[in-house]
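**Student:** Input: one structure, supplied below.
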Amino acid sequence: MMSWGQLGFQDAGSYFMEEFIYFHDFTMMIILGVLSYVVVFLILGLTSGWVDSGFVEGQLIEFMWTIFPALILIQIAFPSLLLLYLIEDFSKSFLVCKVIGHQWYWSYEIKTESSELLASVDCYMLPREDAFGMRLLLTDEFLMLPINVPVRILVTSDDVIHSWTLPSLGIKGDAVPGRLNQLNLTLNRKAMFYGQCSEICGANHSFMPIMLMGVYSWEFFAWLDRL
Amino acid sequence: MSSGVEITRPEGAIPLAQKYSGLSEEEVKKRIIAYNPPADSRFPNQNQTKNCFQNYVDFQRCVRLRGEDYKPCQFFERNYKFLCPTGWIEKWDEQLENNTFPVKL
């Protein structure tokens, strides 16, 4: 979760989020370099009292200031597109978890191989006095998922549009009634992850948080048993 | 596991899920949740609504054509049970009972 005064990303909880952070850092480095370069020349140009009346064109410089930015953009595009297609690879998932948004709580359904067993849990926000200072983040029940297991999350809604978001895992999926949105998730550590509904859905839109716990597989089995 | 992964273990080794959960081998096998409806190239994108609905319709058609005991129909049944939310399945079952299901089976 975020701390007071935090400016950067939360620690990554999934492998994709780690990659997103690396990509962000790489692109930010390029952005800051270009920005500094432009600001310096802008200030130099504006503060210089002299103007060269003969300087109307320059084939070489125009060629260079077209090619170099294009090369920089290509360098940014490669990891960007790679990540874009990587997060859409659903062939390797082992577990399916359905997330259903309601007004104003989330429910989760996990189906097991045996047809009879379907685990379902409803998660309501804890009131302020029960939230141990973490107001608007804690829920009475929470979803548990095994770590290092690719999980296929299918998000939908029972009434209006919601959005299932977990910023530390780098995932966000709109819960649209009548539609199943597919997300890919692989947790990388045992921890508690928090999120909040990200699509305006009525009076209590701010009061339907998401809590997800990454656990070992056997702990996940034990939790399924208890439901 | 249903995804086709082959696991070889040394003799006498117990799967971790069995060792730490305290369940017997049959109980663990009953609870194996490692089934993922295989990637369907007809539905490659984020929107999987049609994937869920198509499997449900295919199961109903299969059962009507071949009977309840025809094993290959279980492929569609398993897929739709894993993909579709329970609320949708209940709604469609009710529509089938009332003869108001929108698809001609």
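By order of appearance in the structure tokens: chains A, B, ..., then residues from 1 within every chain, and ligands from 1 in the order shown.
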I'd like the contact shell of B:Asn45 - 10 Å cut-off, only C-alpha atoms, skipping same-chain residues fewer than 4 positions apart - returned as a PDB file with C-alpha atoms, in the first residue's frame.
**Tutor:**
ATOM      1  CA  GLU A  88      -1.919 -10.686 -23.055  1.00  0.00           C
ATOM      2  CA  ASP A  89      -0.530 -14.224 -23.119  1.00  0.00           C
ATOM      3  CA  PHE A  90      -3.157 -16.362 -21.417  1.00  0.00           C
ATOM      4  CA  ASN A 181     -12.713  -9.104 -19.121  1.00  0.00           C
ATOM      5  CA  GLN A 182      -9.646 -11.282 -18.876  1.00  0.00           C
TER       6      GLN A 182
ATOM      7  CA  ASP B  40      -9.321 -20.597 -27.961  1.00  0.00           C
ATOM      8  CA  SER B  41      -8.108 -18.799 -31.063  1.00  0.00           C
TER       9      SER B  41
END
**Student:** Could you list the residues in chain A lying within 7 Å of chain B, using only C-alpha atoms, and format the result as a PyMOL selection string?
**Tutor:** chain A and resi 90-91+93-96+98+111-114+179-182+217-218+222
**Student:** Record the distance separating atom CA of A:Leu71 and atom CA of A:Leu44, expressed in Å with one decimal.
**Tutor:**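 Here the two named atoms are 25.6 Å from each other.
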**Student:** What's the 12 Å shell around B:Val103, counting only C-alpha atoms, without same-chain residues fewer than 3 positions away, as a ChimeraX atom specification?
**Tutor:** /B:53-54,56-58,60-61,92,95-96,99-100
**Student:** Between B:Glu97, B:Ser24, B:Glu11, B:Leu105, which has the minimum distance to B:Arg64 (counting only C-alpha atoms)?
**Tutor:**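 Residue with the minimum atom-to-atom distance to B:Arg64: B:Leu105.
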